[in-house]
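First up is the structure itself, then whatever we jot down about it.
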Amino acid sequence: MVFAIYKNLKIMKKPKVGVIIASSLNRNDLLFSRSLNSVLSQSKPPDHILIVDDNQDETTSKDIEQRILKLKNNKIHYIKNSQTPNMSGSGAWNCGIKWYENFLEDDDYMAILDDDDSWHEEYISSCYDAITSSSRMPDAVFGFIKRGDCDKCSSFEVEDINISNFLKGNPGIQGSNMFFRFGVLKAIDGFDETLASCTDRDLMIRFLQKYSNKNIRIIPKVLIKYFASKDSVTLNFTSKTKGLNSFHIKYIRLYSKELLEEALQRAKNLFNYQESANIKKIFNLVHKNTKPKKIVIGVAVHNSKNTLRRCLESILAQKDVKRDIWILIADDDSNDDWKKSISDILKNEKIVIIDVKNHHTAKTRNDINHYIKMLFENVSFIGRLDADDEYASEDVLSKIESKFDDIKPDVLVAGNYLRLDGKIIDRVNIATSKLTNKTHLLSRLKKMSKGIAEAELPSCNVFMTPNSLQDYPEISSAEDHFLLVRLLLSDKKIEFAEDILLTIYNLSGNKTADNKQTEKYLNARKQLYEEAMRLCKMKKED
């Protein structure tokens, strides 16, 4: 009886409504004349209005703050986006959700509005009526959107709000008609900040996976005006394509062949999407090619047009390998049109591509490892080949494979040739088993820290089993050396292929050359030496 009274009191409690407007692309005039004005004109005002500034121009930001002050409205709050910038609003929205944790409870509500859209003056009151007239507080309320470039509105019913519809398209839920119970947004961890587009579809899929559509309310009226500006993500071909790529890959296991075909055709019709072949290869990988044993080689790419063909051809030329060789390319925000230059090679069914935006080698290598775990099954071992390097001969992978079969190590390290200014030099870097000797290892690392080592560690030639994969430290130099040292001083079973010179390593890479010209190069190796000293001490104490 007491619980029933408490429950009824909880329902009777009037929920608060908080609004987030994410401002971006220097659209201050639209922010104040259209979106914010429509919020201030609501027949039922919200309790809080938060403007999250996602602009990178300081003049634009100061202008927003000054205009807010002139309004003299204590319900309007302003913060700078402290999370991922310029990523389809997702970082700004998540920043706003975090801010509202101090002002809203789980059974209060949050409404989102793009800075170039507007609400009908009855929008909040209509959503509020839907909440308060329900015996159970809805998880979400959705009204209809009228796009400025369409004659008809996007109408839908509760049954249309399902995962399949969001996998293939969008039945009509976008940022500006999202009205969620605050606890729901927190429970699904807000928006995915890695997606360049499709953030609304992604959020709705995760919402439906956790809550289903049983407790949502639809207001069958046009209450939101959507304006597709020329600067929007929807009309930005590159951002839209990368967002669609990441979205399709993220949910590739949920697609049937027919549903994926519908999604790809829609993307082609609406956005001139050109990446269907790659997505279909990934679909086949996770749905059809699960049983064959695999070797996966990860290749990180950033504007690698001039060297990538040589790299990939050296992998594809490998002979007498019993397992299937797969190549996972991670494109880190390239703009040199490298795909066109090797379009013939990319037709290979065992080459798949993911998009990342790191501008950071270690992060991209970690993303490669993450996607290998996510997409590939029955992987025997994993290697890496830099886009400006190549395998030294056609039989190196078969030799590596034989050692994995015979010795069954967790980690295997091979050696490499060295290329300087386009020529292979006499000096080679052998993967010596002496590296397991702590005294030898520390001596070599100390010489590296002083810049006098005859050769650095053969860290570019490391193979690992899936269970042995570790993240690279996210630093700008020597990240591969840090990883190898940690492996050497771990309990992993390590094999040194002293008889195999695996790769031709390019000493003229831009990143390597840049690092050697700065203190960063030596400082990283001093830190590496100190890290090894610390790990050796810990191992001795154990």
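Chain identifiers are assigned as A, B, and so on, following the order in which chains appear in the structure tokens; residues are numbered from 1 within each chain, and ligands are numbered from 1 in order of appearance.
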
Residue contacts of range 463-466 of chain A (12 Å, only C-alpha atoms) excluding same-chain residues fewer than 5 positions away, as a PyMOL selection string: chain A and resi 294-298+369-374+376-385+397+400-401+403-405+408-415+458+471+483-484+487+492-497+502

Would you mind exporting the chosen residues as a short mmCIF file (atom, residue, chain, number, x, y, z; two decimals), in the first residue's frame, restricted to N, CA and C atoms?
```cif
data_model
loop_
_atom_site.label_atom_id
_atom_site.label_comp_id
_atom_site.auth_asym_id
_atom_site.auth_seq_id
_atom_site.Cartn_x
_atom_site.Cartn_y
_atom_site.Cartn_z
N LYS A 294 42.37 -17.85 -40.56
CA LYS A 294 42.79 -16.59 -41.19
C LYS A 294 44.07 -16.04 -40.59
N ILE A 295 44.81 -15.35 -41.44
CA ILE A 295 45.88 -14.45 -41.03
C ILE A 295 45.41 -13.06 -41.43
N VAL A 296 45.42 -12.12 -40.50
CA VAL A 296 44.96 -10.76 -40.81
C VAL A 296 46.13 -9.80 -40.70
N ILE A 297 46.34 -9.03 -41.75
CA ILE A 297 47.39 -8.01 -41.78
C ILE A 297 46.72 -6.64 -41.75
N GLY A 298 47.04 -5.85 -40.75
CA GLY A 298 46.49 -4.50 -40.64
C GLY A 298 47.40 -3.48 -41.29
N ASN A 369 43.18 -3.19 -34.43
CA ASN A 369 43.03 -4.34 -33.53
C ASN A 369 41.59 -4.50 -33.05
N HIS A 370 40.95 -3.37 -32.75
CA HIS A 370 39.55 -3.40 -32.29
C HIS A 370 38.65 -3.99 -33.38
N TYR A 371 38.83 -3.55 -34.61
CA TYR A 371 37.97 -4.04 -35.69
C TYR A 371 38.27 -5.49 -36.06
N ILE A 372 39.51 -5.90 -35.90
CA ILE A 372 39.82 -7.31 -36.14
C ILE A 372 39.05 -8.18 -35.14
N LYS A 373 39.06 -7.78 -33.89
CA LYS A 373 38.30 -8.53 -32.88
C LYS A 373 36.80 -8.50 -33.17
N MET A 374 36.34 -7.38 -33.69
CA MET A 374 34.91 -7.19 -33.93
C MET A 374 34.41 -7.95 -35.16
N PHE A 376 36.36 -10.30 -37.38
CA PHE A 376 36.99 -11.53 -37.86
C PHE A 376 36.84 -12.66 -36.84
N GLU A 377 36.54 -13.84 -37.36
CA GLU A 377 36.51 -15.05 -36.54
C GLU A 377 37.55 -16.04 -37.05
N ASN A 378 37.97 -16.91 -36.14
CA ASN A 378 38.92 -17.98 -36.49
C ASN A 378 40.24 -17.41 -37.01
N VAL A 379 40.75 -16.39 -36.31
CA VAL A 379 42.02 -15.77 -36.68
C VAL A 379 43.16 -16.48 -35.95
N SER A 380 44.15 -16.91 -36.69
CA SER A 380 45.30 -17.60 -36.09
C SER A 380 46.31 -16.60 -35.54
N PHE A 381 46.66 -15.61 -36.35
CA PHE A 381 47.56 -14.56 -35.86
C PHE A 381 47.40 -13.30 -36.70
N ILE A 382 47.89 -12.21 -36.14
CA ILE A 382 47.66 -10.87 -36.69
C ILE A 382 48.99 -10.17 -36.86
N GLY A 383 49.18 -9.53 -38.01
CA GLY A 383 50.39 -8.76 -38.26
C GLY A 383 50.07 -7.35 -38.68
N ARG A 384 51.11 -6.56 -38.80
CA ARG A 384 50.94 -5.18 -39.23
C ARG A 384 51.99 -4.88 -40.29
N LEU A 385 51.59 -4.11 -41.27
CA LEU A 385 52.54 -3.66 -42.28
C LEU A 385 52.25 -2.20 -42.57
N LEU A 397 55.53 -14.97 -45.27
CA LEU A 397 54.36 -15.31 -44.45
C LEU A 397 54.21 -16.82 -44.27
N ILE A 400 56.49 -17.64 -41.48
CA ILE A 400 55.91 -17.21 -40.20
C ILE A 400 54.81 -18.19 -39.78
N GLU A 401 53.98 -18.58 -40.75
CA GLU A 401 52.89 -19.52 -40.47
C GLU A 401 53.44 -20.84 -39.94
N LYS A 403 56.16 -21.39 -38.29
CA LYS A 403 56.64 -21.24 -36.91
C LYS A 403 55.47 -21.19 -35.92
N PHE A 404 54.39 -20.54 -36.30
CA PHE A 404 53.21 -20.53 -35.43
C PHE A 404 52.66 -21.95 -35.27
N ASP A 405 52.65 -22.71 -36.35
CA ASP A 405 52.13 -24.08 -36.29
C ASP A 405 53.05 -24.99 -35.46
N LYS A 408 53.85 -22.66 -31.71
CA LYS A 408 52.64 -22.14 -31.07
C LYS A 408 52.94 -21.01 -30.07
N PRO A 409 53.62 -19.96 -30.52
CA PRO A 409 53.89 -18.84 -29.62
C PRO A 409 52.67 -17.92 -29.48
N ASP A 410 52.70 -17.07 -28.46
CA ASP A 410 51.71 -16.00 -28.36
C ASP A 410 52.10 -14.82 -29.25
N VAL A 411 53.41 -14.60 -29.30
CA VAL A 411 53.98 -13.47 -30.04
C VAL A 411 55.18 -13.96 -30.84
N LEU A 412 55.29 -13.48 -32.07
CA LEU A 412 56.46 -13.81 -32.89
C LEU A 412 57.06 -12.52 -33.41
N VAL A 413 58.40 -12.43 -33.32
CA VAL A 413 59.11 -11.23 -33.79
C VAL A 413 60.09 -11.64 -34.88
N ALA A 414 60.03 -10.95 -36.01
CA ALA A 414 60.95 -11.21 -37.12
C ALA A 414 61.84 -9.99 -37.33
N GLY A 415 62.77 -10.10 -38.28
CA GLY A 415 63.68 -8.99 -38.58
C GLY A 415 63.27 -8.25 -39.84
N PRO A 458 63.16 -4.46 -33.54
CA PRO A 458 62.40 -4.84 -34.74
C PRO A 458 60.89 -4.84 -34.48
N ASP A 471 46.96 -2.95 -26.68
CA ASP A 471 46.90 -1.62 -27.27
C ASP A 471 48.29 -0.99 -27.31
N LEU A 483 55.24 -1.11 -27.03
CA LEU A 483 54.43 -2.33 -27.04
C LEU A 483 55.32 -3.57 -27.00
N LEU A 484 56.37 -3.58 -27.81
CA LEU A 484 57.25 -4.75 -27.84
C LEU A 484 57.94 -4.96 -26.50
N LEU A 487 55.62 -6.53 -24.13
CA LEU A 487 55.44 -7.94 -24.45
C LEU A 487 56.65 -8.76 -24.00
N LYS A 492 54.14 -13.68 -21.79
CA LYS A 492 53.77 -14.26 -23.08
C LYS A 492 54.89 -15.16 -23.62
N LYS A 493 54.48 -16.18 -24.35
CA LYS A 493 55.45 -17.05 -25.02
C LYS A 493 55.88 -16.37 -26.32
N ILE A 494 57.15 -15.99 -26.41
CA ILE A 494 57.64 -15.20 -27.54
C ILE A 494 58.65 -16.01 -28.34
N GLU A 495 58.48 -16.01 -29.64
CA GLU A 495 59.40 -16.67 -30.56
C GLU A 495 60.12 -15.61 -31.40
N PHE A 496 61.45 -15.74 -31.49
CA PHE A 496 62.24 -14.83 -32.32
C PHE A 496 62.64 -15.56 -33.60
N ALA A 497 62.13 -15.06 -34.72
CA ALA A 497 62.44 -15.67 -36.01
C ALA A 497 63.75 -15.06 -36.52
N LEU A 502 61.64 -10.17 -42.54
CA LEU A 502 60.25 -10.12 -42.99
C LEU A 502 59.95 -8.98 -43.95
#
```

DSSP helix (DSSP H, G or I) residues within range 234-370 of chain A, as number ranges by chain: A: 234-235, 237-250, 252-254, 257-271, 276-287, 308-316, 338-341, 345-347, 361-370

Minimum-distance residue to Ile345 in chain A, chosen among A:Leu328, A:Ala362, A:Leu316, A:Ala130 (using only C-alpha atoms):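 Of the candidates, the smallest distance to Ile345 in chain A is held by A:Leu316.
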
Range 154-156 of chain A surroundings by only C-alpha atoms, 9 Å radius, close-in-sequence under 2 positions cut, as a list in words: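 Skipping anything fewer than 2 positions along the chain leaves Gly143, Phe144, Ile145, Lys146, Arg147, Lys152, Val158, Glu159, Asp160, Ile161, Pro171, Gly172, Ile173, Ile218, Pro220, Lys221 and Val222 of chain A.
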
Ala455 in chain A surroundings by only C-alpha atoms, 9 Å radius, close-in-sequence under 4 positions cut, as JSON, numbers by chain: {"A": [427, 428, 429, 444, 448]}

Pull N, CA and C atoms from the residues just selected and write them as a PDB file, in the first residue's frame.
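part.pdb written:
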```
ATOM      1  N   ARG A 427      72.888  -2.620 -43.819  1.00  0.00           N
ATOM      2  CA  ARG A 427      72.548  -2.938 -42.428  1.00  0.00           C
ATOM      3  C   ARG A 427      71.165  -3.567 -42.340  1.00  0.00           C
ATOM      4  N   VAL A 428      71.037  -4.637 -41.565  1.00  0.00           N
ATOM      5  CA  VAL A 428      69.748  -5.292 -41.346  1.00  0.00           C
ATOM      6  C   VAL A 428      69.462  -5.326 -39.850  1.00  0.00           C
ATOM      7  N   ASN A 429      68.197  -5.549 -39.530  1.00  0.00           N
ATOM      8  CA  ASN A 429      67.761  -5.576 -38.131  1.00  0.00           C
ATOM      9  C   ASN A 429      67.223  -6.973 -37.828  1.00  0.00           C
ATOM     10  N   ARG A 444      70.522  -2.074 -24.943  1.00  0.00           N
ATOM     11  CA  ARG A 444      70.101  -1.618 -26.282  1.00  0.00           C
ATOM     12  C   ARG A 444      69.174  -0.412 -26.180  1.00  0.00           C
ATOM     13  N   MET A 448      69.555   3.440 -27.581  1.00  0.00           N
ATOM     14  CA  MET A 448      68.492   4.092 -28.356  1.00  0.00           C
ATOM     15  C   MET A 448      68.140   5.447 -27.754  1.00  0.00           C
TER      16      MET A 448
END
```

Distance in Å - CA of Asp149 in chain A versus CA of Lys225 in chain A: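 Between these atoms lies a distance of 10.4 Å.
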
Lys537 in chain A environment, 12 Å, only C-alpha atoms, sequence neighbours closer than 6 positions dropped, as a PyMOL selection string: chain A and resi 438+442+489+530-531

Distance in Å - CA of Lys16 in chain A versus CA of Cys127 in chain A: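 CA of Lys16 in chain A sits 11.8 Å away from CA of Cys127 in chain A.
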
Residue contacts of Glu122 in chain A (12 Å, only C-alpha atoms) excluding same-chain residues fewer than 4 positions away, as number ranges by chain: A: 38-46, 118, 126-129, 143, 219, 221-224

May I have the selected residues written with N, CA and C atoms, as a CSV table (one decimal), in the first residue's frame?
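Wrote selection.csv, looks like this:
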```
chain,number,residue,atom,x,y,z
A,38,SER,N,12.4,30.0,-31.5
A,38,SER,CA,11.3,29.1,-31.4
A,38,SER,C,11.2,28.5,-30.1
A,39,VAL,N,12.3,28.3,-29.3
A,39,VAL,CA,12.2,27.8,-28.0
A,39,VAL,C,11.6,28.9,-27.0
A,40,LEU,N,12.1,30.1,-27.2
A,40,LEU,CA,11.6,31.2,-26.3
A,40,LEU,C,10.1,31.5,-26.6
A,41,SER,N,9.6,31.1,-27.8
A,41,SER,CA,8.2,31.3,-28.1
A,41,SER,C,7.3,30.2,-27.7
A,42,GLN,N,7.8,29.2,-27.0
A,42,GLN,CA,6.9,28.1,-26.6
A,42,GLN,C,5.8,28.5,-25.7
A,43,SER,N,4.6,27.9,-25.9
A,43,SER,CA,3.5,28.2,-25.0
A,43,SER,C,3.8,27.7,-23.6
A,44,LYS,N,4.5,26.6,-23.5
A,44,LYS,CA,5.0,26.1,-22.2
A,44,LYS,C,6.5,26.2,-22.3
A,45,PRO,N,7.1,27.1,-21.6
A,45,PRO,CA,8.5,27.3,-21.6
A,45,PRO,C,9.2,26.1,-20.9
A,46,PRO,N,10.4,25.8,-21.4
A,46,PRO,CA,11.2,24.7,-20.7
A,46,PRO,C,11.8,25.3,-19.5
A,118,SER,N,13.6,24.6,-36.2
A,118,SER,CA,12.7,25.3,-35.3
A,118,SER,C,11.5,24.5,-34.9
A,126,SER,N,2.8,20.0,-26.2
A,126,SER,CA,2.2,18.8,-26.7
A,126,SER,C,3.0,17.6,-26.2
A,127,CYS,N,4.3,17.7,-26.1
A,127,CYS,CA,5.1,16.6,-25.5
A,127,CYS,C,4.8,16.4,-24.1
A,128,TYR,N,4.6,17.5,-23.4
A,128,TYR,CA,4.3,17.5,-21.9
A,128,TYR,C,2.9,16.8,-21.7
A,129,ASP,N,2.0,17.2,-22.5
A,129,ASP,CA,0.6,16.6,-22.4
A,129,ASP,C,0.7,15.0,-22.6
A,143,GLY,N,7.3,13.9,-32.3
A,143,GLY,CA,6.4,14.5,-33.2
A,143,GLY,C,6.9,14.4,-34.6
A,219,ILE,N,3.1,11.9,-31.4
A,219,ILE,CA,2.2,13.0,-31.5
A,219,ILE,C,2.0,13.2,-33.0
A,221,LYS,N,1.3,15.1,-35.3
A,221,LYS,CA,1.2,16.5,-35.8
A,221,LYS,C,2.6,17.0,-36.2
A,222,VAL,N,2.6,17.9,-37.2
A,222,VAL,CA,3.9,18.5,-37.6
A,222,VAL,C,4.2,19.6,-36.6
A,223,LEU,N,5.3,19.3,-35.8
A,223,LEU,CA,5.7,20.2,-34.8
A,223,LEU,C,7.1,20.7,-34.9
A,224,ILE,N,7.8,20.2,-35.9
A,224,ILE,CA,9.2,20.5,-36.1
A,224,ILE,C,9.5,20.9,-37.6
```

Nearest candidate to Asn358 in chain A (options A:Glu121, A:Glu474, A:Asp406, A:Asp389; using only C-alpha atoms):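 Ranked by minimum distance to Asn358 in chain A, first place goes to A:Glu474.
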
Residue set, range 287-500 of chain A restricted to strand (DSSP E), as an NGL selection string: :A and (294-301 or 324-332 or 351-356 or 379-384 or 390-391 or 411-420 or 423-424 or 462-464 or 494-500)
